Amino acid sequence: MQTSKTLKTRRVRLASSALMALTLACTAAACGGGSDSDGSSADGPTTISVATFNEFGYEDLIDEWNASNDDIQIKQVKVGTWDDAKANLYTKLAAGSGLSDIEAIEGDAMPAIMAESDAFVDLSDPDLDGRWLDWKAAAGTNADGQVIGYGTDVGPESICYRADLFKKAGLPTDRAEVATLMGTWDDYFAAGDEFVAAMPDTAWYDSSGGLAQAMLNQVANPFEADDATVDVENPELEAVYADVTDNVKRGLSSRIPQWSDDWTAQFSNDGFATMACPGWMMGIIEGNSEGVDGWDIANVFPGGGGNWGGSFLTVPAQGDHVEAAQEVAAWLTAPEQQAKAFAAVGAFPSQLEAQDSPEVNEAVNAFFNDAPIGEITAERAAAITVQPFKGPKYSDILSAFQAAILRVDDGSQDPGDSWDQFLTDVDALG
Amino acid sequence: MSTHLPARGGDTEQVSSPRPGGATGGSGLLLLPQPKPWRQRASRLDVTLSPYLYIAPFFILFLVIGMFPLGYTAWVSVHDWSLLGGKGEFVGLDNYRKVLDNPYFTKQLVNTISIFVISSIPQILVALALAGLLDTQLRGRTTWRMSILLPFVVSPVAVAIIFGSLYGDRYGLVNEVLGMVGIDPVAWHTNRLASHVAIATMVNWRWTGYNALIFLAAMQAVPRDLYESASIDGASRVRQFTSITVPMIRPTMIFIIITSTIGGLQIFAEPRLFDGTTARNGGSDRQFGTITMLIYDFGWQLRDLGRASATAWLLFLVICVFAVVNFLLIRRLGAQGGER
């Protein structure tokens with residue numbers, strides 16, 4: 001009895017310690033991936049980490065740099081969406097360490113970043129004057145004239161559409177004809193009514209929030225007056241909200257939040273037929289649409305031009321290799337490199353020289369039915385007449401606005417209640 | 001404890017004198033010179049003080065990494081304090097007022113408690129049952145015991161991503177399976193209760209095996225002869241489980257209940273990653289936002305550490321209330337056990 005008991009306890013102990021070891025080993029392995037900026041060893045090359053989100057099209061560029069530079073090596077840290085990148089950015093800015101040597105910032109969040117200029121390196125470099133579109137360069141420069149971010153791309157909006165689904169619904173499929181259907185937002189929604197009448201299981205566009213953001217890019221003062229005071233009860237914003245929420249009843253929206261799992265899944269499930277398509281979105285569409293054949297792009301955006309997003313590369317001052325990081329950021333945002341990123345993922349260059357280069361102008365995208373994307377995106381960029389005022393709270397208010405639309409989308413509130421809650425949320429931003 | 005300690009080594013004469021039949025030992029002791037007073041005092045000090053010294057490292061660590069943040073959070077919570085800008089003016093209880101006035105606070109508190117109840121109760125019951133089964137003479141016991149711990153070694157982030165995809169409102173596997181048996185798709189990310197159930201499955205998938213293993217360890221320590229005599233008396237396996245196993249592992253149960261209360265009320269990663277909306281605040285209308293997510297929202301998304309700290313303190317008070325309720329319930333259970 002006694003011996004069998006001790007034997008047993010020993011076995012139990014053995015088993016539990018083995019389990020413990022296994023647990024520890026696995027947890028350590030699972031958590032081990034999180035270390036960033038390991039910098040350089042004494043003699044080895046300096047490693048510059050570049051944090052990006054979505055698709056920047058930098059993979060080939062980084063290989064190119066790494067092959068021809070021995071002393072500086074680039075490593076990319078990719079996260080899914082800007083919102084995740086933003087959460088990481090603010091946490092580590094507050095902590096004072098842990099950021100990558102180069103952090104990509106989404107264009108709409110740049111005004112908020114400007115308020116924290118001290119945390120970033122002034123990248124001013126007279127050699128680079130005149131590299132970017134004027135408004136892009138201005139968006140990367142703070143009130144004191146310091147350059148906080150180098151522009152990467154801009155997002156001239158066009159409409160991407162599924163020609164195969166258009167055909168099934170009896171709509172024209174040729175991109176020139178499709179463009180004539182969508183001169184104004186009313187035309188675009190009317191075409192949507194026609195489409196969903198024929199194809200009730202497929203929505204007209206991918207998400208209400210995404211469409212609203214695309215529409216806001218044509219509004220001069222979406223959330224804030226020119227002096228940066230918050231003003232969300234303006235008629236133009238209310239009109240966008242009314243349009244988008246009315247469309248939910250009309251069945252035009254997929255009612256799925258942009259960037260969610262369902263949103264990604266609906267690309268391969270014929271979930272929707274059209275979407276607002278800034279240049280950089282093309283790479284995302286292609287990445288999500290495995291097995292789908294029929295995407296095309298129309299040289300049109302309802303209600304005129306609009307710019308959606310387009311990013312910047314910044315160098316946080318907390319990094320150990322700010323000079324090398326600045327060199328890499330300048331190289332990545334040089335016209336030749338951004339022209340290649342355009343070819344890779346459709347991120348339209350913000351550099352004047354790149355926009356004029358044959359690599360961009362003559363680019364054709366096989367996935368989008370051999371569409372001349374260079375020509376189309378350039379014309380869409382030329383059509384942009386409004387640069388919305390985006391103050392430091394733009395990004396936060398936009399999140400609240402997207403949530404308000406989503407509450408109507410998912411049926412948890414009617415448009416009136418949801419708007420009221422949006423106003424409360426904006427007040428709570430403090 | 002303290003009553004035993006002096007008797008063990010403090011008063012040597014007292015211990016040695018009543019020893020029966022110890023003629024040689026007794027006389028030997030009597031022949032020894034009287035210990036010097038300082039030595040005696042030192043040894044007394046040693047006895048009374050050293051236990052405290054031995055446990056001091058824990059308490060010093062606790063003061064530094066437990067009490068200091070607690071106090072500092074209270075200090076932050078009565079100031080305007082921006083995430084990047086740092087300390088501002090003293091505002092008294094203003095932050096608390098703002099948090100309590102915010103309708104999301106009540107809503108997210110209710111969500112937290114609801115997710116906690118939906119996850120913890122079934123989790124503990126299932127873990128208990130699993131441990132009971134694993135405590136029997138199974139073929140390949142170690143394999144079974146190891147395999148129930150496997151979910152625990154998967155990172156919660158990976159769990160949340162996989163479950164988030166399974167529970168997709170439109171294209172999720174769960175809804176497709178429900179559709180096959182003719183049940184309408186469930187709005188997992190929109191319906192408040194459904195989202196709580198989805199998150200509770202995630203939590204349970206991860207923690208049930210872990211708790212079962214702790215229960216199992218406790219069950220292994222139950223003397224086997226109790227079961228032998230019970231089976232001689234003709235008690236069934238179920239009866240043995242409820243009348244011997246469960247009462248014998250009560251201290252372990254208390255431990256599990258308290259740790260899962262604390263963990264459950266602080267749930268964060270699962271609901272945050274379950275959320276497909278860009279803000280990740282727990283659904284469009286915070287259907288499944290929890291209190292820790294509100295702290296994160298205030299502190300890191302709205303970059304206001306003042307309100308975040310006030311919320312953290314309110315959560316601390318809520319956990320204290322739960323701990324007291326737990327304690328009272330367990331004491332009552334203990335009293336009932338004594339009467340039995």
# chains A, B, ... in the order shown; residues from 1 in each chain; ligands from 1

$ select_by_dssp --residues "stretch 271-361 of chain A" --states "helix (DSSP H, G or I)" --output "ChimeraX atom specification"
/A:281-288,322-332,335-345,352-356,358-361

$ write_last_selection --atoms "N, CA and C atoms" --output "short mmCIF file (atom, residue, chain, number, x, y, z; two decimals), in the first residue's frame"
data_model
loop_
_atom_site.label_atom_id
_atom_site.label_comp_id
_atom_site.auth_asym_id
_atom_site.auth_seq_id
_atom_site.Cartn_x
_atom_site.Cartn_y
_atom_site.Cartn_z
N MET A 281 -5.98 50.29 -52.60
CA MET A 281 -6.98 49.25 -52.36
C MET A 281 -6.85 48.10 -53.36
N MET A 282 -6.28 48.41 -54.54
CA MET A 282 -6.19 47.37 -55.58
C MET A 282 -5.42 46.15 -55.08
N GLY A 283 -4.33 46.41 -54.38
CA GLY A 283 -3.53 45.30 -53.87
C GLY A 283 -4.31 44.48 -52.85
N ILE A 284 -5.15 45.17 -52.06
CA ILE A 284 -5.94 44.48 -51.04
C ILE A 284 -7.02 43.63 -51.70
N ILE A 285 -7.67 44.21 -52.74
CA ILE A 285 -8.70 43.46 -53.45
C ILE A 285 -8.09 42.19 -54.05
N GLU A 286 -6.96 42.37 -54.71
CA GLU A 286 -6.33 41.22 -55.35
C GLU A 286 -5.96 40.16 -54.31
N GLY A 287 -5.46 40.61 -53.16
CA GLY A 287 -5.05 39.68 -52.12
C GLY A 287 -6.22 38.91 -51.52
N ASN A 288 -7.39 39.53 -51.48
CA ASN A 288 -8.55 38.89 -50.85
C ASN A 288 -9.38 38.06 -51.83
N VAL A 322 18.63 56.70 -35.85
CA VAL A 322 17.74 57.61 -36.57
C VAL A 322 18.34 58.08 -37.90
N GLU A 323 19.66 58.20 -37.97
CA GLU A 323 20.24 58.69 -39.23
C GLU A 323 20.10 57.65 -40.33
N ALA A 324 20.42 56.41 -39.97
CA ALA A 324 20.26 55.33 -40.96
C ALA A 324 18.79 55.19 -41.34
N ALA A 325 17.91 55.37 -40.34
CA ALA A 325 16.47 55.24 -40.61
C ALA A 325 16.02 56.32 -41.58
N GLN A 326 16.53 57.53 -41.39
CA GLN A 326 16.15 58.62 -42.30
C GLN A 326 16.61 58.32 -43.72
N GLU A 327 17.81 57.76 -43.82
CA GLU A 327 18.34 57.42 -45.13
C GLU A 327 17.44 56.39 -45.82
N VAL A 328 17.03 55.37 -45.04
CA VAL A 328 16.18 54.33 -45.61
C VAL A 328 14.82 54.90 -46.00
N ALA A 329 14.26 55.76 -45.12
CA ALA A 329 12.94 56.34 -45.41
C ALA A 329 13.00 57.19 -46.67
N ALA A 330 14.09 57.94 -46.84
CA ALA A 330 14.23 58.76 -48.03
C ALA A 330 14.35 57.89 -49.27
N TRP A 331 15.04 56.77 -49.12
CA TRP A 331 15.20 55.87 -50.27
C TRP A 331 13.87 55.22 -50.65
N LEU A 332 13.15 54.73 -49.62
CA LEU A 332 11.88 54.04 -49.91
C LEU A 332 10.86 54.98 -50.56
N PRO A 335 11.11 58.56 -55.90
CA PRO A 335 10.21 58.28 -57.01
C PRO A 335 10.40 56.89 -57.62
N GLU A 336 11.66 56.46 -57.81
CA GLU A 336 11.87 55.16 -58.48
C GLU A 336 11.25 54.03 -57.67
N GLN A 337 11.43 54.12 -56.33
CA GLN A 337 10.93 53.04 -55.48
C GLN A 337 9.41 53.02 -55.44
N GLN A 338 8.81 54.20 -55.29
CA GLN A 338 7.35 54.25 -55.20
C GLN A 338 6.71 53.84 -56.52
N ALA A 339 7.40 54.09 -57.63
CA ALA A 339 6.88 53.63 -58.92
C ALA A 339 6.80 52.11 -58.93
N LYS A 340 7.80 51.48 -58.31
CA LYS A 340 7.77 50.00 -58.25
C LYS A 340 6.69 49.51 -57.31
N ALA A 341 6.47 50.25 -56.18
CA ALA A 341 5.40 49.87 -55.26
C ALA A 341 4.04 49.96 -55.95
N PHE A 342 3.91 50.95 -56.84
CA PHE A 342 2.67 51.08 -57.59
C PHE A 342 2.46 49.85 -58.46
N ALA A 343 3.53 49.41 -59.12
CA ALA A 343 3.40 48.23 -59.97
C ALA A 343 3.04 47.01 -59.13
N ALA A 344 3.55 46.97 -57.88
CA ALA A 344 3.31 45.79 -57.05
C ALA A 344 1.91 45.77 -56.45
N VAL A 345 1.47 46.87 -55.85
CA VAL A 345 0.18 46.84 -55.14
C VAL A 345 -0.76 47.98 -55.51
N LEU A 352 5.97 63.65 -57.65
CA LEU A 352 5.66 64.20 -58.98
C LEU A 352 6.40 63.43 -60.08
N GLU A 353 7.68 63.19 -59.83
CA GLU A 353 8.50 62.55 -60.86
C GLU A 353 8.00 61.14 -61.15
N ALA A 354 7.56 60.45 -60.09
CA ALA A 354 7.08 59.09 -60.28
C ALA A 354 5.77 59.08 -61.05
N GLN A 355 4.93 60.09 -60.77
CA GLN A 355 3.64 60.13 -61.47
C GLN A 355 3.84 60.33 -62.97
N ASP A 356 4.95 60.99 -63.34
CA ASP A 356 5.20 61.23 -64.76
C ASP A 356 5.97 60.11 -65.43
N PRO A 358 7.08 56.62 -67.09
CA PRO A 358 6.37 55.65 -67.93
C PRO A 358 5.97 54.39 -67.15
N GLU A 359 6.79 54.04 -66.12
CA GLU A 359 6.47 52.86 -65.32
C GLU A 359 5.09 52.97 -64.71
N VAL A 360 4.73 54.21 -64.30
CA VAL A 360 3.43 54.43 -63.69
C VAL A 360 2.37 54.69 -64.75
N ASN A 361 2.68 55.60 -65.67
CA ASN A 361 1.69 56.00 -66.66
C ASN A 361 1.20 54.86 -67.53
#

$ select_by_dssp --residues "stretch 27-193 of chain B" --states "strand (DSSP E or B)" --output "MDAnalysis selection string"
chainID B and resid 79:82 86:90

$ write_last_selection --atoms "N, CA and C atoms" --output "PDB file, in the first residue's frame"
ATOM      1  N   HIS B  79      -6.069  63.342 -11.394  1.00  0.00           N
ATOM      2  CA  HIS B  79      -5.447  64.410 -12.178  1.00  0.00           C
ATOM      3  C   HIS B  79      -5.909  64.333 -13.618  1.00  0.00           C
ATOM      4  N   ASP B  80      -5.780  65.475 -14.309  1.00  0.00           N
ATOM      5  CA  ASP B  80      -5.826  65.434 -15.762  1.00  0.00           C
ATOM      6  C   ASP B  80      -4.517  64.809 -16.183  1.00  0.00           C
ATOM      7  N   TRP B  81      -4.550  63.739 -16.944  1.00  0.00           N
ATOM      8  CA  TRP B  81      -3.302  63.057 -17.239  1.00  0.00           C
ATOM      9  C   TRP B  81      -3.390  62.499 -18.654  1.00  0.00           C
ATOM     10  N   SER B  82      -2.608  63.072 -19.555  1.00  0.00           N
ATOM     11  CA  SER B  82      -2.686  62.591 -20.930  1.00  0.00           C
ATOM     12  C   SER B  82      -1.620  61.537 -21.174  1.00  0.00           C
ATOM     13  N   GLY B  86       1.428  63.654 -20.278  1.00  0.00           N
ATOM     14  CA  GLY B  86       1.741  63.484 -18.867  1.00  0.00           C
ATOM     15  C   GLY B  86       0.785  64.238 -17.957  1.00  0.00           C
ATOM     16  N   LYS B  87       1.270  64.499 -16.728  1.00  0.00           N
ATOM     17  CA  LYS B  87       0.420  65.015 -15.662  1.00  0.00           C
ATOM     18  C   LYS B  87      -0.063  66.431 -15.946  1.00  0.00           C
ATOM     19  N   GLY B  88      -1.360  66.649 -15.622  1.00  0.00           N
ATOM     20  CA  GLY B  88      -1.923  67.990 -15.737  1.00  0.00           C
ATOM     21  C   GLY B  88      -2.399  68.460 -14.385  1.00  0.00           C
ATOM     22  N   GLU B  89      -3.522  69.173 -14.364  1.00  0.00           N
ATOM     23  CA  GLU B  89      -4.010  69.727 -13.101  1.00  0.00           C
ATOM     24  C   GLU B  89      -4.680  68.687 -12.224  1.00  0.00           C
ATOM     25  N   PHE B  90      -4.718  68.996 -10.916  1.00  0.00           N
ATOM     26  CA  PHE B  90      -5.475  68.173  -9.978  1.00  0.00           C
ATOM     27  C   PHE B  90      -6.961  68.425 -10.199  1.00  0.00           C
TER      28      PHE B  90
END

$ residues_around --residues "A:Leu398" --least-positions-apart "3" --cutoff "10 Å" --atoms "only C-alpha atoms" --output "list in words"
Asp108, Gly209, Ala212, Gln213, Leu216, Pro222, Phe223, Lys393, Tyr394, Ser395, Phe401, Gln402, Ala403, Ala404 and Val426 of chain A; Ala279 of chain B

$ residues_around --residues "A:Thr141" --least-positions-apart "2" --cutoff "10 Å" --atoms "only C-alpha atoms" --output "VMD selection string"
chain A and resid 110 to 111 114 117 122 to 124 135 to 139 143 to 150

$ write_last_selection --atoms "C-alpha atoms" --output "compact mmCIF listing (two decimals), in the first residue's frame"
# COMPACT_ATOMS: atom_id res chain seq x y z
CA MET A 110 -1.02 62.68 -39.58
CA PRO A 111 -2.67 65.75 -37.98
CA MET A 114 1.79 66.50 -35.70
CA SER A 117 6.12 66.26 -33.22
CA ASP A 122 12.76 66.30 -38.13
CA LEU A 123 13.41 64.83 -41.56
CA SER A 124 13.91 68.16 -43.35
CA TRP A 135 -0.54 69.15 -50.52
CA LYS A 136 1.14 65.86 -49.67
CA ALA A 137 4.33 67.62 -48.57
CA ALA A 138 2.25 70.09 -46.55
CA ALA A 139 0.45 67.26 -44.76
CA ALA A 143 3.45 74.31 -38.07
CA ASP A 144 7.13 74.99 -37.31
CA GLY A 145 8.16 73.85 -40.77
CA GLN A 146 9.69 70.57 -39.58
CA VAL A 147 9.19 67.62 -41.90
CA ILE A 148 7.75 64.82 -39.77
CA GLY A 149 6.84 62.36 -42.51
CA TYR A 150 7.96 61.49 -46.02

$ residues_around --residues "A:Gly430" --least-positions-apart "6" --cutoff "10 Å" --atoms "only C-alpha atoms" --output "number ranges by chain"
B: 302-304

$ write_last_selection --atoms "N, CA and C atoms" --output "mmCIF file, in the first residue's frame"
data_model
loop_
_atom_site.group_PDB
_atom_site.id
_atom_site.type_symbol
_atom_site.label_atom_id
_atom_site.label_comp_id
_atom_site.auth_asym_id
_atom_site.auth_seq_id
_atom_site.Cartn_x
_atom_site.Cartn_y
_atom_site.Cartn_z
ATOM 1 N N LEU B 302 -8.346 57.119 -26.485
ATOM 2 C CA LEU B 302 -8.643 58.536 -26.263
ATOM 3 C C LEU B 302 -7.472 59.224 -25.554
ATOM 4 N N ARG B 303 -6.458 58.445 -25.234
ATOM 5 C CA ARG B 303 -5.199 58.954 -24.664
ATOM 6 C C ARG B 303 -5.414 59.792 -23.401
ATOM 7 N N ASP B 304 -6.343 59.342 -22.548
ATOM 8 C CA ASP B 304 -6.648 60.051 -21.306
ATOM 9 C C ASP B 304 -6.424 59.091 -20.142
#

$ decode --residues "stretch 308-332 of chain B" --atoms "N, CA and C atoms" --output "compact mmCIF listing (two decimals), in the first residue's frame"
# COMPACT_ATOMS: atom_id res chain seq x y z
N ALA B 308 -8.83 56.59 -17.52
CA ALA B 308 -8.47 55.17 -17.52
C ALA B 308 -8.17 54.69 -16.11
N SER B 309 -7.42 55.50 -15.34
CA SER B 309 -7.06 55.10 -13.98
C SER B 309 -8.29 55.08 -13.07
N ALA B 310 -9.19 56.05 -13.28
CA ALA B 310 -10.42 56.05 -12.48
C ALA B 310 -11.21 54.78 -12.75
N THR B 311 -11.29 54.37 -14.02
CA THR B 311 -12.01 53.15 -14.36
C THR B 311 -11.32 51.94 -13.74
N ALA B 312 -10.00 51.95 -13.77
CA ALA B 312 -9.25 50.83 -13.19
C ALA B 312 -9.55 50.70 -11.70
N TRP B 313 -9.63 51.84 -11.01
CA TRP B 313 -9.93 51.79 -9.58
C TRP B 313 -11.35 51.30 -9.34
N LEU B 314 -12.27 51.72 -10.18
CA LEU B 314 -13.65 51.24 -10.03
C LEU B 314 -13.70 49.72 -10.24
N LEU B 315 -12.92 49.24 -11.21
CA LEU B 315 -12.86 47.79 -11.43
C LEU B 315 -12.29 47.08 -10.20
N PHE B 316 -11.27 47.68 -9.61
CA PHE B 316 -10.66 47.12 -8.40
C PHE B 316 -11.71 46.98 -7.30
N LEU B 317 -12.55 48.03 -7.14
CA LEU B 317 -13.58 47.98 -6.11
C LEU B 317 -14.59 46.87 -6.43
N VAL B 318 -14.95 46.75 -7.72
CA VAL B 318 -15.89 45.70 -8.10
C VAL B 318 -15.31 44.33 -7.76
N ILE B 319 -14.02 44.14 -8.07
CA ILE B 319 -13.40 42.85 -7.78
C ILE B 319 -13.39 42.60 -6.27
N CYS B 320 -13.15 43.65 -5.48
CA CYS B 320 -13.19 43.50 -4.02
C CYS B 320 -14.57 43.02 -3.57
N VAL B 321 -15.62 43.64 -4.13
CA VAL B 321 -16.98 43.23 -3.77
C VAL B 321 -17.17 41.76 -4.08
N PHE B 322 -16.75 41.36 -5.29
CA PHE B 322 -16.90 39.96 -5.67
C PHE B 322 -16.11 39.05 -4.74
N ALA B 323 -14.92 39.47 -4.37
CA ALA B 323 -14.09 38.65 -3.50
C ALA B 323 -14.78 38.46 -2.15
N VAL B 324 -15.38 39.54 -1.62
CA VAL B 324 -16.07 39.44 -0.33
C VAL B 324 -17.26 38.50 -0.44
N VAL B 325 -18.02 38.66 -1.54
CA VAL B 325 -19.18 37.78 -1.74
C VAL B 325 -18.73 36.33 -1.81
N ASN B 326 -17.65 36.10 -2.60
CA ASN B 326 -17.08 34.76 -2.69
C ASN B 326 -16.72 34.21 -1.33
N PHE B 327 -16.03 35.05 -0.55
CA PHE B 327 -15.55 34.65 0.76
C PHE B 327 -16.71 34.25 1.66
N LEU B 328 -17.77 35.09 1.66
CA LEU B 328 -18.92 34.80 2.52
C LEU B 328 -19.60 33.49 2.09
N LEU B 329 -19.75 33.33 0.77
CA LEU B 329 -20.39 32.12 0.27
C LEU B 329 -19.60 30.89 0.67
N ILE B 330 -18.28 30.99 0.50
CA ILE B 330 -17.44 29.83 0.79
C ILE B 330 -17.44 29.52 2.28
N ARG B 331 -17.47 30.60 3.10
CA ARG B 331 -17.50 30.37 4.54
C ARG B 331 -18.78 29.64 4.94
N ARG B 332 -19.87 30.03 4.28
CA ARG B 332 -21.13 29.36 4.57
C ARG B 332 -21.07 27.90 4.16
